file structure04.csv (CSV, C-alpha atoms)
chain,number,residue,atom,x,y,z
I,1,VAL,CA,6.0,-11.8,-7.6
I,2,PRO,CA,8.5,-11.9,-10.6
I,3,THR,CA,5.7,-10.9,-13.0
I,4,LEU,CA,4.8,-8.0,-10.7
I,5,PHE,CA,8.4,-6.9,-10.5
I,6,GLU,CA,8.7,-7.0,-14.3
I,7,SER,CA,5.7,-4.7,-14.6
I,8,ILE,CA,7.3,-2.0,-12.4
I,9,ALA,CA,9.1,0.6,-14.5
I,10,ALA,CA,11.2,2.0,-11.6
I,11,PRO,CA,14.4,0.1,-10.7
I,12,LEU,CA,14.3,-2.2,-7.6
I,13,ASN,CA,16.4,-0.7,-4.8
I,14,ARG,CA,16.5,-0.1,-1.1
I,15,GLN,CA,13.2,1.8,-1.3
I,16,THR,CA,11.4,-1.3,-2.7
I,17,ALA,CA,9.4,-3.2,0.0
I,18,ILE,CA,7.2,-6.3,-0.1
I,19,VAL,CA,4.7,-6.5,2.8
I,20,LEU,CA,3.4,-10.0,3.6
I,21,ALA,CA,0.2,-10.5,5.6
I,22,ASP,CA,1.2,-14.2,6.3
I,23,GLU,CA,4.7,-15.2,7.5
I,24,ASN,CA,4.2,-18.6,5.8
I,25,LEU,CA,4.7,-16.8,2.5
I,26,LEU,CA,8.2,-15.7,3.4
I,27,LEU,CA,10.2,-18.5,1.8
I,28,PRO,CA,8.0,-18.9,-1.3
I,29,VAL,CA,8.5,-15.2,-2.0
I,30,LEU,CA,12.2,-15.3,-1.4
I,31,HIS,CA,12.6,-18.3,-3.8
I,32,SER,CA,10.5,-16.4,-6.4
I,33,LEU,CA,12.6,-13.2,-6.5
I,34,LEU,CA,14.3,-12.3,-9.7
I,35,GLU,CA,17.9,-13.3,-10.2
I,36,ASN,CA,19.0,-9.7,-10.5
I,37,VAL,CA,17.8,-8.9,-6.9
I,38,GLU,CA,21.1,-9.4,-5.1
I,39,ASP,CA,20.3,-8.3,-1.5
I,40,VAL,CA,17.2,-8.8,0.5
I,41,ASN,CA,16.7,-7.5,4.0
I,42,VAL,CA,14.1,-9.7,5.8
I,43,THR,CA,12.3,-8.1,8.8
I,44,MET,CA,9.9,-10.8,9.9
I,45,GLY,CA,10.0,-14.3,11.5
I,46,TYR,CA,9.4,-17.6,9.8
I,47,PRO,CA,7.4,-20.3,11.7
I,48,LEU,CA,9.5,-23.3,12.8
I,49,LYS,CA,6.5,-25.5,12.3
I,50,GLN,CA,6.8,-24.9,8.5
I,51,THR,CA,10.3,-26.4,8.4
I,52,ALA,CA,11.7,-29.9,8.1
I,53,VAL,CA,13.4,-29.4,11.5
I,54,TYR,CA,10.0,-29.2,13.1
I,55,SER,CA,8.6,-32.2,11.2
I,56,LEU,CA,11.5,-34.4,12.2
I,57,ALA,CA,11.3,-33.3,15.8
I,58,GLU,CA,7.6,-34.2,15.8
I,59,LEU,CA,8.4,-37.6,14.4
I,60,LEU,CA,11.1,-38.2,17.0
I,61,ILE,CA,8.7,-37.2,19.8
I,62,ARG,CA,6.1,-39.6,18.4
I,63,LEU,CA,8.7,-42.3,18.1
I,64,GLN,CA,9.7,-42.0,21.8
I,65,ARG,CA,6.0,-41.9,22.9
I,66,GLY,CA,5.5,-45.3,21.2
I,67,CYS,CA,8.7,-46.9,22.3
I,68,LYS,CA,8.3,-50.1,24.3
I,69,ILE,CA,10.9,-51.7,26.5
I,70,SER,CA,10.8,-55.3,27.6
I,71,GLY,CA,13.8,-56.4,29.7
I,72,LYS,CA,16.8,-55.5,27.6
I,73,ARG,CA,14.8,-55.4,24.3
I,74,VAL,CA,13.7,-52.1,22.8
I,75,LYS,CA,11.1,-51.9,20.0
I,76,PHE,CA,9.4,-49.2,18.0
I,77,TYR,CA,6.1,-49.1,16.1
I,78,HIS,CA,6.6,-49.7,12.4
I,79,LYS,CA,4.6,-46.7,11.2
I,80,ASP,CA,6.8,-44.4,13.4
I,81,VAL,CA,9.9,-46.0,12.1
I,82,LEU,CA,8.9,-45.8,8.4
I,83,SER,CA,7.9,-42.1,8.8
I,84,ILE,CA,11.4,-41.3,10.1
I,85,LEU,CA,13.1,-43.3,7.4
I,86,ASN,CA,11.2,-41.3,4.8
I,87,HIS,CA,12.2,-37.9,6.2
I,88,GLN,CA,14.4,-35.8,4.0
I,89,TYR,CA,17.0,-35.2,6.7
I,90,ILE,CA,17.4,-38.9,7.4
I,91,ARG,CA,17.9,-39.5,3.7
I,92,LEU,CA,20.5,-36.8,3.7
I,93,MET,CA,22.4,-38.4,6.6
I,94,VAL,CA,22.0,-42.1,5.6
I,95,GLY,CA,21.4,-42.2,1.9
I,96,GLY,CA,18.4,-43.3,-0.1
I,97,GLU,CA,19.7,-46.7,-1.1
I,98,LYS,CA,20.3,-47.8,2.4
I,99,LEU,CA,17.0,-46.5,3.7
I,100,ASP,CA,15.1,-48.2,0.9
I,101,GLU,CA,16.7,-51.5,1.8
I,102,LEU,CA,15.6,-51.1,5.5
I,103,LYS,CA,12.1,-50.1,4.5
I,104,LYS,CA,11.7,-53.0,2.1
I,105,GLU,CA,12.8,-55.5,4.8
I,106,ILE,CA,10.3,-54.0,7.3
I,107,GLN,CA,7.4,-54.1,4.8
I,108,ASP,CA,8.3,-57.5,3.2
I,109,ASN,CA,8.3,-59.1,6.6
I,110,ASN,CA,5.2,-57.4,7.8
I,111,ARG,CA,6.9,-56.2,11.0
I,112,ILE,CA,4.5,-54.5,13.4
I,113,TYR,CA,7.4,-53.6,15.7
I,114,VAL,CA,11.0,-53.0,14.8
I,115,TYR,CA,13.7,-53.8,17.3
I,116,GLN,CA,16.5,-51.4,18.1
I,117,SER,CA,19.0,-54.1,17.1
I,118,PHE,CA,17.7,-53.8,13.5
I,119,PHE,CA,19.6,-50.5,13.1
I,120,GLY,CA,22.9,-51.7,14.7
I,121,GLY,CA,24.8,-51.3,11.5
I,122,ASN,CA,24.4,-47.5,11.2
I,123,VAL,CA,25.7,-45.2,14.0
I,124,PHE,CA,23.3,-42.4,13.2
I,125,LEU,CA,20.2,-44.6,13.0
I,126,LYS,CA,21.3,-46.3,16.2
I,127,MET,CA,21.4,-42.9,17.8
I,128,ILE,CA,17.8,-42.1,16.7
I,129,PHE,CA,16.3,-45.5,17.6
I,130,SER,CA,17.5,-45.4,21.2
I,131,PRO,CA,15.0,-45.3,24.1
I,132,VAL,CA,14.8,-42.0,26.1
I,133,GLU,CA,13.3,-42.2,29.6
I,134,ASP,CA,13.5,-38.7,31.1
I,135,TYR,CA,13.5,-35.1,29.8
I,136,LYS,CA,17.2,-34.4,30.5
I,137,ILE,CA,18.2,-37.3,28.3
I,138,MET,CA,15.5,-36.3,25.7
I,139,THR,CA,17.1,-32.8,25.4
I,140,GLY,CA,20.6,-34.3,24.7
I,141,TYR,CA,19.0,-36.9,22.4
I,142,LEU,CA,17.5,-34.1,20.2
I,143,ILE,CA,20.6,-31.9,20.3
I,144,ASP,CA,22.9,-34.8,19.2
I,145,ILE,CA,20.6,-35.7,16.3
I,146,PHE,CA,20.2,-32.2,15.0
I,147,SER,CA,23.8,-31.2,15.6
I,148,ASN,CA,24.8,-34.0,13.3
I,149,ILE,CA,22.4,-32.9,10.6
I,150,ALA,CA,23.6,-29.3,10.8
I,151,LYS,CA,27.2,-30.5,10.0
I,152,VAL,CA,26.2,-31.8,6.6
I,153,THR,CA,27.2,-29.6,3.7
I,154,LEU,CA,25.5,-30.0,0.4
I,155,PRO,CA,27.7,-29.0,-2.5
I,156,ASP,CA,26.4,-26.1,-4.7
I,157,ASN,CA,23.5,-25.5,-2.4
I,158,THR,CA,24.6,-22.7,-0.1
I,159,GLU,CA,21.1,-21.4,0.6
I,160,GLU,CA,19.8,-24.8,1.8
I,161,ASN,CA,22.8,-25.3,4.0
I,162,THR,CA,22.4,-21.8,5.6
I,163,LEU,CA,18.7,-22.1,6.2
I,164,ARG,CA,18.9,-25.6,7.6
I,165,ARG,CA,21.6,-24.5,10.1
I,166,GLU,CA,19.7,-21.4,11.0
I,167,TYR,CA,16.6,-23.4,11.8
I,168,ILE,CA,18.5,-26.0,13.8
I,169,TYR,CA,20.3,-23.2,15.8
I,170,HIS,CA,17.1,-21.7,16.9
I,171,PHE,CA,15.5,-25.1,17.6
I,172,ILE,CA,18.4,-26.1,19.9
I,173,LYS,CA,18.4,-22.7,21.5
I,174,SER,CA,14.7,-23.0,22.4
I,175,LEU,CA,15.2,-26.6,23.5
I,176,ASN,CA,17.9,-25.5,26.0
I,177,GLN,CA,15.8,-22.6,27.2
I,178,VAL,CA,12.9,-25.0,28.0
I,179,LYS,CA,15.2,-27.4,29.9
I,180,GLN,CA,16.9,-24.6,31.8
I,181,SER,CA,13.6,-23.1,32.9
I,182,ILE,CA,12.5,-26.5,34.3
I,183,ASP,CA,15.8,-27.0,36.0
I,184,THR,CA,15.7,-23.5,37.5
I,185,ALA,CA,12.2,-23.9,38.8
I,186,GLY,CA,13.4,-27.1,40.5
I,187,ILE,CA,10.3,-29.1,39.5
I,188,SER,CA,10.1,-32.7,38.5
I,189,ILE,CA,8.1,-33.6,35.3
I,190,GLY,CA,7.6,-36.8,33.5
I,191,MET,CA,8.4,-37.4,29.8
I,192,PRO,CA,4.7,-37.0,28.6
I,193,VAL,CA,4.5,-33.5,30.1
I,194,PHE,CA,7.9,-32.5,28.8
I,195,LEU,CA,7.1,-33.7,25.3
I,196,SER,CA,3.7,-31.8,25.3
I,197,LEU,CA,5.6,-28.7,26.5
I,198,LEU,CA,8.1,-29.0,23.7
I,199,ARG,CA,5.3,-29.3,21.1
I,200,SER,CA,3.6,-26.2,22.5
I,201,VAL,CA,6.9,-24.2,22.4
I,202,PHE,CA,7.9,-25.3,18.9
I,203,ASN,CA,4.4,-24.7,17.5
I,204,ASN,CA,4.7,-21.1,18.3
I,205,LEU,CA,8.4,-20.5,17.6
I,206,LEU,CA,9.3,-18.0,14.9
I,207,ILE,CA,12.8,-18.0,13.3
I,208,PRO,CA,13.8,-14.3,13.7
I,209,PHE,CA,15.2,-13.1,10.4
I,210,THR,CA,14.8,-9.5,11.6
I,211,GLY,CA,17.3,-7.2,9.9
I,212,VAL,CA,19.3,-10.1,8.3
I,213,PRO,CA,20.5,-9.4,4.8
I,214,ILE,CA,20.2,-12.5,2.6
I,215,ASN,CA,22.5,-12.5,-0.5
call {"tool": "encode", "arguments": {"input": "structure04.csv", "output": "C-alpha coordinates"}}
result
Amino acid sequence: VPTLFESIAAPLNRQTAIVLADENLLLPVLHSLLENVEDVNVTMGYPLKQTAVYSLAELLIRLQRGCKISGKRVKFYHKDVLSILNHQYIRLMVGGEKLDELKKEIQDNNRIYVYQSFFGGNVFLKMIFSPVEDYKIMTGYLIDIFSNIAKVTLPDNTEENTLRREYIYHFIKSLNQVKQSIDTAGISIGMPVFLSLLRSVFNNLLIPFTGVPIN
(Lines of atoms letter the chains of each structure in order from A and count residues from 1; the text may use other names and numbers.)
(Lines give C-alpha, C1' and ligand atoms only; values in the text may rest on other atoms or scores of the structure.)
Protein backbone atom coordinates (compact mmCIF):
# COMPACT_ATOMS: atom_id res chain seq x y z
CA VAL A 1 0.00 0.00 0.00
CA PRO A 2 2.72 2.61 0.83
CA THR A 3 4.45 1.83 -2.48
CA LEU A 4 1.16 2.28 -4.32
CA PHE A 5 0.57 5.64 -2.62
CA GLU A 6 4.04 6.84 -3.53
CA SER A 7 3.33 6.10 -7.19
CA ILE A 8 0.23 8.31 -7.20
CA ALA A 9 1.06 11.80 -8.41
CA ALA A 10 -2.11 13.42 -7.04
CA PRO A 11 -2.19 14.38 -3.35
CA LEU A 12 -4.06 12.09 -0.94
CA ASN A 13 -7.21 13.78 0.34
CA ARG A 14 -10.87 13.16 1.17
CA GLN A 15 -11.43 11.91 -2.38
CA THR A 16 -8.92 9.05 -1.93
CA ALA A 17 -10.50 5.68 -1.17
CA ILE A 18 -9.17 2.17 -0.58
CA VAL A 19 -11.70 -0.59 -1.25
CA LEU A 20 -10.97 -3.90 0.49
CA ALA A 21 -12.52 -7.16 -0.67
CA ASP A 22 -11.69 -8.83 2.66
CA GLU A 23 -12.37 -7.25 6.06
CA ASN A 24 -9.42 -9.21 7.50
CA LEU A 25 -7.14 -6.81 5.61
CA LEU A 26 -8.41 -3.76 7.49
CA LEU A 27 -5.83 -3.59 10.29
CA PRO A 28 -2.82 -4.54 8.13
CA VAL A 29 -3.76 -1.75 5.70
CA LEU A 30 -4.24 0.78 8.51
CA HIS A 31 -0.82 -0.09 9.92
CA SER A 32 0.79 0.28 6.51
CA LEU A 33 -0.50 3.78 5.76
CA LEU A 34 2.07 6.49 5.28
CA GLU A 35 2.90 8.70 8.25
CA ASN A 36 1.66 11.80 6.42
CA VAL A 37 -1.87 10.36 6.16
CA GLU A 38 -3.32 12.04 9.23
CA ASP A 39 -7.03 11.11 9.16
CA VAL A 40 -8.68 7.92 7.97
CA ASN A 41 -12.42 7.32 7.83
CA VAL A 42 -13.16 3.61 8.15
CA THR A 43 -16.49 2.39 6.80
CA MET A 44 -16.38 -1.35 7.38
CA GLY A 45 -16.37 -3.79 10.25
CA TYR A 46 -13.48 -5.88 11.56
CA PRO A 47 -14.05 -9.52 12.64
CA LEU A 48 -13.84 -10.05 16.38
CA LYS A 49 -12.44 -13.52 15.70
CA GLN A 50 -9.25 -11.89 14.35
CA THR A 51 -8.56 -10.14 17.67
CA ALA A 52 -6.78 -11.08 20.88
CA VAL A 53 -10.09 -10.54 22.71
CA TYR A 54 -11.63 -13.43 20.81
CA SER A 55 -8.62 -15.72 21.26
CA LEU A 56 -8.62 -15.17 25.02
CA ALA A 57 -12.40 -15.66 25.25
CA GLU A 58 -12.01 -18.94 23.38
CA LEU A 59 -9.29 -20.07 25.79
CA LEU A 60 -11.45 -19.15 28.80
CA ILE A 61 -14.37 -21.12 27.39
CA ARG A 62 -12.09 -24.11 26.84
CA LEU A 63 -10.72 -23.72 30.37
CA GLN A 64 -14.20 -23.85 31.90
CA ARG A 65 -15.21 -26.82 29.76
CA GLY A 66 -12.26 -28.77 31.12
CA CYS A 67 -12.63 -27.68 34.75
CA LYS A 68 -13.06 -30.51 37.25
CA ILE A 69 -14.43 -30.16 40.77
CA SER A 70 -13.93 -32.81 43.43
CA GLY A 71 -15.39 -31.81 46.78
CA LYS A 72 -13.85 -28.43 47.53
CA ARG A 73 -10.90 -28.93 45.18
CA VAL A 74 -10.90 -27.33 41.72
CA LYS A 75 -8.45 -28.31 39.01
CA PHE A 76 -7.77 -27.40 35.38
CA TYR A 77 -6.08 -29.31 32.55
CA HIS A 78 -2.45 -28.23 32.20
CA LYS A 79 -2.64 -27.51 28.44
CA ASP A 80 -5.57 -25.15 28.98
CA VAL A 81 -3.69 -23.42 31.80
CA LEU A 82 -0.47 -22.99 29.79
CA SER A 83 -2.37 -21.60 26.78
CA ILE A 84 -3.88 -18.89 28.97
CA LEU A 85 -0.58 -18.09 30.67
CA ASN A 86 0.97 -17.60 27.22
CA HIS A 87 -1.71 -15.17 26.04
CA GLN A 88 -0.60 -11.59 25.40
CA TYR A 89 -3.33 -10.04 27.58
CA ILE A 90 -2.42 -12.22 30.53
CA ARG A 91 1.21 -11.21 30.16
CA LEU A 92 0.04 -7.60 30.03
CA MET A 93 -1.84 -8.02 33.32
CA VAL A 94 0.54 -10.24 35.29
CA GLY A 95 3.99 -9.70 33.80
CA GLY A 96 6.21 -12.05 31.84
CA GLU A 97 8.59 -12.90 34.68
CA LYS A 98 5.82 -14.09 37.02
CA LEU A 99 4.15 -16.12 34.28
CA ASP A 100 7.42 -17.74 33.26
CA GLU A 101 7.93 -18.87 36.87
CA LEU A 102 4.45 -20.43 36.99
CA LYS A 103 4.89 -22.19 33.63
CA LYS A 104 8.29 -23.56 34.66
CA GLU A 105 6.87 -25.00 37.87
CA ILE A 106 4.01 -26.68 35.97
CA GLN A 107 6.31 -28.15 33.34
CA ASP A 108 9.17 -29.13 35.67
CA ASN A 109 6.74 -31.07 37.87
CA ASN A 110 4.94 -32.66 34.91
CA ARG A 111 1.57 -31.57 36.25
CA ILE A 112 -1.36 -32.99 34.29
CA TYR A 113 -3.84 -30.94 36.30
CA VAL A 114 -3.24 -27.62 38.02
CA TYR A 115 -5.22 -26.84 41.15
CA GLN A 116 -6.91 -23.50 41.73
CA SER A 117 -4.85 -22.97 44.88
CA PHE A 118 -1.73 -22.79 42.67
CA PHE A 119 -2.78 -19.25 41.66
CA GLY A 120 -3.72 -17.98 45.12
CA GLY A 121 -0.94 -15.40 45.17
CA ASN A 122 -2.30 -13.34 42.28
CA VAL A 123 -5.76 -11.76 42.38
CA PHE A 124 -6.20 -11.58 38.60
CA LEU A 125 -5.11 -15.19 38.01
CA LYS A 126 -7.31 -16.34 40.87
CA MET A 127 -10.23 -14.61 39.11
CA ILE A 128 -9.48 -16.48 35.88
CA PHE A 129 -8.92 -19.88 37.46
CA SER A 130 -12.24 -19.99 39.27
CA PRO A 131 -14.96 -22.52 38.43
CA VAL A 132 -18.09 -21.29 36.66
CA GLU A 133 -21.17 -23.48 36.86
CA ASP A 134 -23.99 -21.58 35.11
CA TYR A 135 -24.36 -19.08 32.27
CA LYS A 136 -25.23 -16.10 34.48
CA ILE A 137 -22.02 -16.52 36.45
CA MET A 138 -20.11 -17.10 33.19
CA THR A 139 -21.32 -13.75 31.87
CA GLY A 140 -20.06 -11.92 34.96
CA TYR A 141 -16.84 -13.95 34.88
CA LEU A 142 -15.97 -12.83 31.33
CA ILE A 143 -17.04 -9.23 31.95
CA ASP A 144 -14.87 -8.96 35.08
CA ILE A 145 -11.81 -10.35 33.31
CA PHE A 146 -12.07 -8.18 30.21
CA SER A 147 -13.05 -5.05 32.15
CA ASN A 148 -9.79 -5.36 34.08
CA ILE A 149 -7.83 -5.79 30.84
CA ALA A 150 -9.51 -2.71 29.35
CA LYS A 151 -8.30 -0.56 32.26
CA VAL A 152 -4.62 -1.13 31.48
CA THR A 153 -2.94 1.77 29.69
CA LEU A 154 0.28 1.17 27.78
CA PRO A 155 2.50 4.28 27.71
CA ASP A 156 3.31 5.64 24.25
CA ASN A 157 0.89 3.22 22.57
CA THR A 158 -2.38 5.10 22.17
CA GLU A 159 -3.48 3.09 19.14
CA GLU A 160 -3.18 -0.27 20.91
CA ASN A 161 -4.99 1.05 23.98
CA THR A 162 -7.83 2.44 21.86
CA LEU A 163 -8.31 -0.66 19.72
CA ARG A 164 -8.15 -3.04 22.69
CA ARG A 165 -10.85 -1.07 24.52
CA GLU A 166 -12.99 -0.86 21.39
CA TYR A 167 -12.82 -4.63 20.91
CA ILE A 168 -13.63 -5.28 24.57
CA TYR A 169 -16.54 -2.80 24.53
CA HIS A 170 -18.25 -4.62 21.66
CA PHE A 171 -17.41 -8.02 23.13
CA ILE A 172 -19.08 -7.15 26.45
CA LYS A 173 -22.01 -5.50 24.68
CA SER A 174 -22.69 -8.66 22.65
CA LEU A 175 -22.20 -10.86 25.71
CA ASN A 176 -24.83 -8.88 27.63
CA GLN A 177 -27.21 -9.03 24.66
CA VAL A 178 -26.95 -12.83 24.54
CA LYS A 179 -27.63 -13.12 28.27
CA GLN A 180 -30.52 -10.65 28.09
CA SER A 181 -32.11 -12.57 25.21
CA ILE A 182 -31.98 -15.80 27.19
CA ASP A 183 -33.39 -14.14 30.31
CA THR A 184 -36.18 -12.45 28.32
CA ALA A 185 -37.15 -15.73 26.67
CA GLY A 186 -37.39 -17.30 30.12
CA ILE A 187 -35.63 -20.47 29.05
CA SER A 188 -33.24 -22.57 31.06
CA ILE A 189 -30.03 -23.65 29.36
CA GLY A 190 -26.97 -25.48 30.58
CA MET A 191 -23.39 -24.27 30.39
CA PRO A 192 -22.43 -26.39 27.33
CA VAL A 193 -25.29 -24.91 25.28
CA PHE A 194 -24.50 -21.37 26.47
CA LEU A 195 -20.81 -21.70 25.62
CA SER A 196 -21.63 -23.05 22.15
CA LEU A 197 -24.01 -20.13 21.64
CA LEU A 198 -21.30 -17.64 22.64
CA ARG A 199 -18.85 -19.19 20.21
CA SER A 200 -21.39 -18.89 17.40
CA VAL A 201 -22.12 -15.23 18.18
CA PHE A 202 -18.48 -14.21 18.56
CA ASN A 203 -17.46 -16.07 15.38
CA ASN A 204 -19.76 -13.83 13.36
CA LEU A 205 -19.36 -10.53 15.22
CA LEU A 206 -17.93 -7.54 13.34
CA ILE A 207 -16.49 -4.53 15.18
CA PRO A 208 -18.35 -1.62 13.53
CA PHE A 209 -15.84 1.04 12.57
CA THR A 210 -18.45 2.64 10.27
CA GLY A 211 -17.89 6.36 9.92
CA VAL A 212 -15.25 6.46 12.67
CA PRO A 213 -12.31 8.78 11.94
CA ILE A 214 -9.00 7.28 13.10
CA ASN A 215 -6.24 9.82 13.73
call {"tool": "residues_around", "arguments": {"input": "structure04.csv", "residues": "Ile168 of chain I", "least_positions_apart": "6", "cutoff": "8 Å", "atoms": "all atoms listed in the file", "output": "list in words"}}
result
Val53, Phe146, Ser147 and Ala150 of chain I
call {"tool": "residues_around", "arguments": {"input": "structure04.csv", "residues": "Leu82 of chain I", "least_positions_apart": "5", "cutoff": "12 Å", "atoms": "all atoms listed in the file", "output": "PyMOL selection string"}}
result
chain I and resi 59-60+63+76-77+87+90-91+99-107+111-114+129
call {"tool": "closest_residue", "arguments": {"input": "structure04.csv", "among": "I:Val193, I:Ile143, I:Leu85, I:Leu198", "to": "Tyr169 of chain I", "atoms": "all atoms listed in the file"}}
result
I:Ile143
call {"tool": "atom_distance", "arguments": {"input": "structure04.csv", "atom1": "atom CA of Lys75 of chain I", "atom2": "atom CA of Tyr115 of chain I"}}
result
4.2 Å
call {"tool": "atom_distance", "arguments": {"input": "structure04.csv", "atom1": "atom CA of Lys136 of chain I", "atom2": "atom CA of Gly66 of chain I"}}
result
18.5 Å
call {"tool": "closest_residue", "arguments": {"input": "structure04.csv", "among": "I:Tyr135, I:Tyr89, I:Asp80, I:Lys151", "to": "Ser188 of chain I", "atoms": "all atoms listed in the file"}}
result
I:Tyr135
call {"tool": "closest_residue", "arguments": {"input": "structure04.csv", "among": "I:Ile145, I:Thr184, I:Lys79, I:Thr139", "to": "Met127 of chain I", "atoms": "all atoms listed in the file"}}
result
I:Ile145
call {"tool": "atom_distance", "arguments": {"input": "structure04.csv", "atom1": "atom CA of Leu163 of chain I", "atom2": "atom CA of Leu205 of chain I"}}
result
15.4 Å
